[in-house]
Protein chains: 2
Amino acid sequence: MPTYKAPLRDIKFLINELLDAPAELAKMPYYAENETADGALMEQVLDEAARFVEGELVPLNAVGDQQGCVRHDDGEVTTPDGFKAAYDKYRKAGWTALDADPNYGGQGMPHLVSNVLVELLNSANVAWSMYPGLSHGAYSALHAVGSDELKDLYLPKIVSGEWTGTMCLTEPHAGTDLGIIRTKAKDNGDGTYAVSGTKIFISAGEHDMADNIVHLVLARLEGSPEGTKGISLFLVPKYLPTPEGKVGERNGVVCGSLEHKMGINGNATALLNFDGATGFLVGEINKGMNHMFIMMNAARLGTGLQGLGLGEVAYQNALAYAKDRLQMRHNPRMSPSENADPIIVHPDVRRMLLTGKAYTEAGRAMAMWLALSIDTEHHHPDEAARQEAGDLVALLTPIAKAFMTDNGFNIAVQSQQIFGGHGYIREWGMEQFVRDARIGQIYEGTNGIQALDLLGRKVLMDGGKKLQKLAGMLQEFVDENESDEHIGEYVTALGKASQQLGSITMVVGQKAMSGEGGADEVNAAAVDYLRFFGHVVYGYLWARMAKVAQAKIDAGQDKDGFYLGKVQTARFYFTKLFPEIKALAATIKAGNEPLAVDNRMFGLERELVTA
Amino acid sequence: MPTYKAPLRDIKFLINELLDAPAELAKMPYYAENETADGALMEQVLDEAARFVEGELVPLNAVGDQQGCVRHDDGEVTTPDGFKAAYDKYRKAGWTALDADPNYGGQGMPHLVSNVLVELLNSANVAWSMYPGLSHGAYSALHAVGSDELKDLYLPKIVSGEWTGTMCLTEPHAGTDLGIIRTKAKDNGDGTYAVSGTKIFISAGEHDMADNIVHLVLARLEGSPEGTKGISLFLVPKYLPTPEGKVGERNGVVCGSLEHKMGINGNATALLNFDGATGFLVGEINKGMNHMFIMMNAARLGTGLQGLGLGEVAYQNALAYAKDRLQMRHNPRMSPSENADPIIVHPDVRRMLLTGKAYTEAGRAMAMWLALSIDTEHHHPDEAARQEAGDLVALLTPIAKAFMTDNGFNIAVQSQQIFGGHGYIREWGMEQFVRDARIGQIYEGTNGIQALDLLGRKVLMDGGKKLQKLAGMLQEFVDENESDEHIGEYVTALGKASQQLGSITMVVGQKAMSGEGGADEVNAAAVDYLRFFGHVVYGYLWARMAKVAQAKIDAGQDKDGFYLGKVQTARFYFTKLFPEIKALAATIKAGNEPLAVDNRMFGLERELVTA
């Protein structure tokens, strides 16, 4: 059975030493007023979070996978044994309210802290964590654009965790392409709407953990235009609340079935039938796509944190196994009294472990940098600082989602590999990490869609301005450190890569604007481009972490080898993982031409036609 | 539900146009005598094989996954519905005897043909196919080194498929490291041995599909030396045969449990308890490891073919979905009358599909080249030709196992990705391909072990002789074709890569011989080295296939675009996949140093000590 210990040492290193977060947060009046920017308080909260997930959620992870959720004939759904009890403890301890607005019962903690909580939850039990996770997305959208009336009625319940939330976007024929959804809303003339249609793949869509479920639903209002410009966002509760906020009449939304999936079996993935269900408009008519992206951006970072959390727990268990499993002798011996040595002594096993460590620690650094930037974007007193942070968040969100889930899946697979045949057996738990990690690359916009968002929208749409700002920050770091005796070599490599990213962007951008086929060039390059970009970001963070760590070593403050570990992992990253950009540069450069093959290769009778 | 059509067009292209196999086989008296080298006969057999797997095995694939195998209290095991009936049809149609020795009831067909059969079986139903697959390994070892008495009694039953076989190697504490197994054999003094111990992970280890199960078991004879030099191979039947070859008394080997696994659920993975079971020595005392490798090499190629077969079927289904699923508009439109275009029009989807096609078709070419080389190794009249073929087989076998299963898994994952959320849902069947493909990278020697076999044993142990022979063959091809107007560019890249492989080998070889830590350098480089080597082999095969195809195009013989497809896929391979070698060259060059980290990083108290 897998085990898990929250990586608090690394998290505290990032908060205090890499990001200097308490000082940054203290600049923001919101946290100062709420008295939540205090470093000691943050650490205390995180210690408590670690105790909760280790004690309550880890033991339920295999149970949830094996039992799954059960839908009954009346459409109600039972979650796995222990899920509801753990959720009750979780919300009563206040975790659902952690970073929520104090005006609605929240604790007003920094997003930086809740970001760590989400990582820990995902390491412990990703299927369970999706129940509160989805609520958080619904909270964000409602808080940002909901009417005061809706907010006053629903937010306190969501913040307290008594009610949970969902995002209802996908339909059987419409996943990536939400512009073609068929769910309809009809104005009832009394301030409510009648919502009808079928939504699929609704995570936490039906369950027995909370008193009510608040669905946020994309639908087309009668008379609205075709496409994405005619979509509005509606709140459709499972039970219509009484004016006092109690659970009232059952609404016309029913779970028609649950999906049987590869993983995340403990989470109910529901097909929901809306049959004239009473809904309430959230935000403006026909602005549903914009409002949805508020939820979606939160969900994307949350999904990235699934990759991070699963990578971490898979790595931890592979490490423990590699120290325990004796197989083949090594020269020099590690366990001379045994007839074989622990497999961690073999370089290839170390290569796999270090891959897990290097990607996970860089991913954590990126996620926390991003989370602190979200705090800055929302609460910094200086508008320019808010704008700059917002640009960074926009740029890094698709990378956080795609790069972290791709790496997380690969780490889970490689960690499973370290177990040999035992990794394929259910009781060891490693194969569940692989199955659970796989969904992160698919949902909340496939990783291919993230790559298009990065290259097409975030980078090219503003002529590369956001990218240039980031590149400037990197260049400053490179200029300062390229002569450093310890990290100079890597910093130089980073500088070259960052410049190469700029020139690649220019080349693809020019192709993109060269008329017909331009969009295809963006589409052809996007996935490799995102990976290249991800390495530049991770390279930057590893160089920064190594710099901080080396200073501690130089000051004689490395008693347990933690800082040496950082420096050596940075070396591993730059020598064994970062060189992937050499291949990516070549494949990006090759462009769309090798993909523009004769349609007969695919047995396509239809030829491309100009509409 | 996934579908599958055997890729007969491509297979016949390889047999007739790339390999000129009928002419090659006709040179071998064995096939001439058995009248099995005839091209028309081979095609007829393969058409029949395609009909069998498509009609009988594809429909059982999901059933096997969902039902799994059931062990009863008496240790007997029931396979999923339909498995036994399909097996009865299979053996009655003579498929178990296809390439077996006519002296024991076999049909004496070329290994080239049975290799294709195995690919098709694996595409259709990998869990089912492991029952006859394991028999084949047992057949090979028994046929090669068994006594006439054992062969006369057992081989006809295995060849006819009435009895199946297993390989019993792994024990709870001993997987890669067979030198430390604890299973014991005691000489009964009557020509038999009493075998006692516990074996785990025994594929097809217990089931209801055949009348008897013939276990080939590694054990240490009392008084034999420690380590791999004291291991012998024993035949331990489930039922002791009567002298007439009927099923007799129940032997002391019982299935203690079945594993619950990530995939291949239709195959029974058994824990077997041997309790003084009656065994018969196979081959020589203490030569068990050598004899085992006869089975193992067959099993390794067979495992590679699992990667190939699963990659093929995953690709086929992703292709069908990509043509069917409408999502987002493209300019120019492909389906102007719909509100979205089939996703195959988007370059990133094409990139994923072409990755599947390029790796699969090159893998098939390599596997068939290897299979024909096995025929040559065994049956060519010229000793030098046999030796040369044997060297090639030795060199390519670890690549076939590791490179094909790694690529097969990645193709399955990428094909699943094309389905978006639907790929994660069981009923679509794509996630089963991913789960089933994962085991190929782990068993029959993990892919890390294959890499060590390639670099350490196959390449460095003879001072690079086998590699040089292959490199010479490639250089000849490069010299002939580097000025070709169509393929010259790729041939030049191939030539450079082949030379780089040589120089990388030299560098690693020198480090390896430089005393202490040399073995670590081999271990550190091996996995990346195998991938680099795999690309050189696939590059060679793509260039050859493109050359053959271009000649047909030039001759005006490409009516359906098949040859153009080959040429364009070669271009895709060289521009989008082959550049991976740039990264691999860098990571190989980085060597062991970045892996030789401080042990405190891993929380290891034990330091390396010299024994």
# chains A, B, ... in the order shown; residues from 1 in each chain; ligands from 1
$ residues_around --residues "range 31-45 of chain A" --least-positions-apart "3" --cutoff "12 Å" --atoms "only C-alpha atoms" --output "CSV table (one decimal) with N, CA, C and O atoms, in the first residue's frame"
chain,number,residue,atom,x,y,z
A,8,LEU,N,6.9,19.1,3.2
A,8,LEU,CA,6.8,20.4,3.8
A,8,LEU,C,8.2,21.1,3.8
A,8,LEU,O,8.2,22.3,3.7
A,9,ARG,N,9.3,20.3,3.9
A,9,ARG,CA,10.6,21.0,3.9
A,9,ARG,C,10.8,21.8,2.6
A,9,ARG,O,11.2,22.9,2.6
A,10,ASP,N,10.4,21.1,1.5
A,10,ASP,CA,10.6,21.8,0.2
A,10,ASP,C,9.6,23.0,0.0
A,10,ASP,O,10.0,24.0,-0.5
A,11,ILE,N,8.4,22.8,0.5
A,11,ILE,CA,7.4,23.8,0.4
A,11,ILE,C,7.8,25.1,1.2
A,11,ILE,O,7.7,26.2,0.7
A,12,LYS,N,8.4,24.8,2.4
A,12,LYS,CA,8.8,26.0,3.2
A,12,LYS,C,10.0,26.7,2.6
A,12,LYS,O,10.2,27.9,2.7
A,13,PHE,N,10.9,25.9,1.9
A,13,PHE,CA,12.0,26.4,1.2
A,13,PHE,C,11.5,27.4,0.1
A,13,PHE,O,12.0,28.5,0.0
A,14,LEU,N,10.5,27.0,-0.6
A,14,LEU,CA,10.0,27.8,-1.7
A,14,LEU,C,9.3,29.1,-1.1
A,14,LEU,O,9.5,30.2,-1.6
A,15,ILE,N,8.5,28.9,-0.1
A,15,ILE,CA,7.8,30.0,0.5
A,15,ILE,C,8.8,31.1,1.0
A,15,ILE,O,8.7,32.3,0.6
A,16,ASN,N,9.7,30.6,1.8
A,16,ASN,CA,10.5,31.6,2.5
A,16,ASN,C,11.8,32.0,1.7
A,16,ASN,O,12.2,33.1,1.7
A,17,GLU,N,12.4,31.0,1.1
A,17,GLU,CA,13.7,31.2,0.5
A,17,GLU,C,13.7,31.6,-1.0
A,17,GLU,O,14.4,32.5,-1.4
A,19,LEU,N,10.7,32.4,-2.8
A,19,LEU,CA,9.8,33.4,-3.2
A,19,LEU,C,9.7,34.6,-2.2
A,19,LEU,O,9.1,35.6,-2.5
A,20,ASP,N,10.3,34.4,-1.0
A,20,ASP,CA,10.2,35.5,0.0
A,20,ASP,C,8.7,35.9,0.1
A,20,ASP,O,8.4,37.1,0.2
A,21,ALA,N,7.8,34.9,0.2
A,21,ALA,CA,6.4,35.2,0.1
A,21,ALA,C,5.8,36.0,1.2
A,21,ALA,O,5.0,36.9,1.0
A,22,PRO,N,6.2,35.7,2.5
A,22,PRO,CA,5.6,36.5,3.5
A,22,PRO,C,5.8,38.0,3.3
A,22,PRO,O,4.9,38.8,3.5
A,23,ALA,N,7.0,38.4,2.9
A,23,ALA,CA,7.3,39.8,2.7
A,23,ALA,C,6.4,40.4,1.5
A,23,ALA,O,5.9,41.5,1.5
A,24,GLU,N,6.3,39.5,0.4
A,24,GLU,CA,5.5,39.9,-0.7
A,24,GLU,C,4.1,40.1,-0.4
A,24,GLU,O,3.4,41.1,-0.8
A,25,LEU,N,3.6,39.2,0.4
A,25,LEU,CA,2.1,39.2,0.7
A,25,LEU,C,1.8,40.4,1.7
A,25,LEU,O,0.7,40.9,1.7
A,26,ALA,N,2.8,40.7,2.5
A,26,ALA,CA,2.6,41.8,3.5
A,26,ALA,C,2.4,43.1,2.8
A,26,ALA,O,1.8,44.0,3.4
A,27,LYS,N,2.8,43.2,1.5
A,27,LYS,CA,2.6,44.4,0.8
A,27,LYS,C,1.1,44.6,0.4
A,27,LYS,O,0.8,45.7,-0.1
A,28,MET,N,0.4,43.5,0.5
A,28,MET,CA,-1.0,43.6,0.0
A,28,MET,C,-2.0,43.8,1.1
A,28,MET,O,-2.1,43.0,2.0
A,48,GLU,N,-0.8,21.5,9.5
A,48,GLU,CA,-2.1,20.9,9.8
A,48,GLU,C,-2.7,20.2,8.6
A,48,GLU,O,-3.3,19.2,8.6
A,49,ALA,N,-2.6,20.9,7.4
A,49,ALA,CA,-3.1,20.3,6.2
A,49,ALA,C,-2.4,19.0,5.9
A,49,ALA,O,-3.0,18.0,5.5
A,50,ALA,N,-1.1,18.9,6.1
A,50,ALA,CA,-0.3,17.7,5.9
A,50,ALA,C,-0.9,16.6,6.8
A,50,ALA,O,-1.1,15.5,6.4
A,51,ARG,N,-1.1,16.9,8.1
A,51,ARG,CA,-1.7,15.9,9.0
A,51,ARG,C,-3.0,15.4,8.5
A,51,ARG,O,-3.3,14.2,8.6
A,52,PHE,N,-3.8,16.3,8.0
A,52,PHE,CA,-5.2,15.9,7.6
A,52,PHE,C,-5.1,15.0,6.4
A,52,PHE,O,-5.7,13.9,6.4
A,93,ALA,N,-13.4,21.4,9.6
A,93,ALA,CA,-12.1,22.0,10.0
A,93,ALA,C,-11.8,23.3,9.2
A,93,ALA,O,-10.8,23.9,9.5
A,94,GLY,N,-12.7,23.6,8.3
A,94,GLY,CA,-12.6,24.9,7.7
A,94,GLY,C,-11.8,24.9,6.4
A,94,GLY,O,-11.5,26.0,5.8
A,95,TRP,N,-11.4,23.7,5.9
A,95,TRP,CA,-10.5,23.7,4.7
A,95,TRP,C,-11.2,24.2,3.5
A,95,TRP,O,-10.6,24.8,2.6
A,98,LEU,N,-10.7,28.1,3.1
A,98,LEU,CA,-9.3,28.5,3.3
A,98,LEU,C,-9.0,29.9,2.7
A,98,LEU,O,-8.6,30.8,3.4
A,99,ASP,N,-9.1,29.9,1.4
A,99,ASP,CA,-8.7,31.2,0.7
A,99,ASP,C,-9.9,32.0,0.2
A,99,ASP,O,-9.8,32.9,-0.6
A,100,ALA,N,-11.1,31.6,0.8
A,100,ALA,CA,-12.3,32.3,0.3
A,100,ALA,C,-12.5,33.7,1.0
A,100,ALA,O,-11.8,33.9,2.1
A,101,ASP,N,-13.3,34.5,0.4
A,101,ASP,CA,-13.6,35.8,0.9
A,101,ASP,C,-14.2,35.8,2.3
A,101,ASP,O,-15.3,35.2,2.5
A,102,PRO,N,-13.6,36.5,3.2
A,102,PRO,CA,-14.2,36.6,4.6
A,102,PRO,C,-15.7,37.1,4.6
A,102,PRO,O,-16.4,36.8,5.5
A,103,ASN,N,-16.0,37.9,3.6
A,103,ASN,CA,-17.4,38.4,3.5
A,103,ASN,C,-18.4,37.3,3.4
A,103,ASN,O,-19.6,37.5,3.6
A,106,GLY,N,-15.2,33.1,4.4
A,106,GLY,CA,-13.9,32.5,4.1
A,106,GLY,C,-12.9,33.0,5.1
A,106,GLY,O,-13.1,33.9,5.9
A,107,GLN,N,-11.7,32.4,5.0
A,107,GLN,CA,-10.6,32.7,6.0
A,107,GLN,C,-9.6,33.7,5.4
A,107,GLN,O,-8.7,34.2,6.0
A,108,GLY,N,-9.8,34.0,4.1
A,108,GLY,CA,-8.9,35.0,3.4
A,108,GLY,C,-7.5,34.7,3.4
A,108,GLY,O,-6.6,35.6,3.4
A,109,MET,N,-7.1,33.4,3.4
A,109,MET,CA,-5.7,33.0,3.3
A,109,MET,C,-5.2,33.3,1.9
A,109,MET,O,-6.0,33.2,0.9
A,110,PRO,N,-3.9,33.5,1.7
A,110,PRO,CA,-3.4,33.7,0.4
A,110,PRO,C,-3.6,32.4,-0.5
A,110,PRO,O,-3.7,31.3,0.0
A,111,HIS,N,-3.8,32.7,-1.8
A,111,HIS,CA,-3.9,31.7,-2.8
A,111,HIS,C,-2.6,30.8,-2.7
A,111,HIS,O,-2.7,29.6,-3.0
A,112,LEU,N,-1.5,31.4,-2.4
A,112,LEU,CA,-0.3,30.6,-2.2
A,112,LEU,C,-0.5,29.4,-1.3
A,112,LEU,O,0.0,28.3,-1.6
A,113,VAL,N,-1.2,29.6,-0.2
A,113,VAL,CA,-1.4,28.6,0.8
A,113,VAL,C,-2.4,27.5,0.3
A,113,VAL,O,-2.2,26.3,0.4
A,114,SER,N,-3.5,28.0,-0.3
A,114,SER,CA,-4.5,27.0,-0.8
A,114,SER,C,-3.9,26.2,-2.0
A,114,SER,O,-4.2,25.0,-2.2
A,115,ASN,N,-3.0,26.8,-2.7
A,115,ASN,CA,-2.3,26.1,-3.8
A,115,ASN,C,-1.5,24.9,-3.3
A,115,ASN,O,-1.6,23.8,-3.8
A,116,VAL,N,-0.9,25.1,-2.1
A,116,VAL,CA,-0.2,24.0,-1.5
A,116,VAL,C,-1.2,22.9,-1.0
A,116,VAL,O,-1.0,21.7,-1.2
A,117,LEU,N,-2.2,23.4,-0.4
A,117,LEU,CA,-3.3,22.5,0.1
A,117,LEU,C,-3.7,21.6,-1.1
A,117,LEU,O,-3.8,20.3,-0.9
A,372,LEU,N,1.4,32.8,-6.1
A,372,LEU,CA,1.7,34.1,-5.5
A,372,LEU,C,1.4,35.2,-6.5
A,372,LEU,O,1.0,36.3,-6.1
A,375,ASP,N,-2.2,36.0,-6.3
A,375,ASP,CA,-2.4,36.9,-5.1
A,375,ASP,C,-2.0,38.3,-5.5
A,375,ASP,O,-2.8,39.2,-5.2
A,376,THR,N,-0.9,38.4,-6.2
A,376,THR,CA,-0.5,39.8,-6.6
A,376,THR,C,-1.5,40.4,-7.5
A,376,THR,O,-1.8,41.6,-7.4
A,378,HIS,N,-4.6,39.9,-7.8
A,378,HIS,CA,-5.8,40.3,-7.2
A,378,HIS,C,-5.7,41.4,-6.1
A,378,HIS,O,-6.6,42.2,-5.9
A,379,HIS,N,-4.6,41.4,-5.5
A,379,HIS,CA,-4.5,42.2,-4.2
A,379,HIS,C,-3.4,43.2,-4.1
A,379,HIS,O,-3.3,43.9,-3.1
A,380,HIS,N,-2.5,43.3,-5.1
A,380,HIS,CA,-1.4,44.2,-5.0
A,380,HIS,C,-1.9,45.7,-5.1
A,380,HIS,O,-2.8,45.9,-5.9
A,381,PRO,N,-1.4,46.6,-4.2
A,381,PRO,CA,-1.9,47.9,-4.3
A,381,PRO,C,-1.5,48.7,-5.6
A,381,PRO,O,-2.2,49.6,-6.0
$ residues_around --residues "Tyr131 in chain A" --least-positions-apart "3" --cutoff "10 Å" --atoms "only C-alpha atoms" --output "list in words"
Phe83, Tyr87, Val126, Ala127, Trp128, Leu134, Ser135, His136, Gly161, Thr164, Gly165, Thr166, Ser203, Ala204, Gly205, Glu206, His207, Met209, Ala210, Gly266, Asn267 and Ala268 of chain A
$ atom_distance --atom1 "CA of Glu521 in chain B" --atom2 "CA of Leu604 in chain B"
21.6 Å
$ closest_residue --among "B:Leu178, B:Ala497, B:Val522, B:Leu310" --to "Asp406 in chain B" --atoms "only C-alpha atoms"
B:Leu310
$ atom_distance --atom1 "CA of Lys5 in chain A" --atom2 "CA of His260 in chain B"
26.4 Å
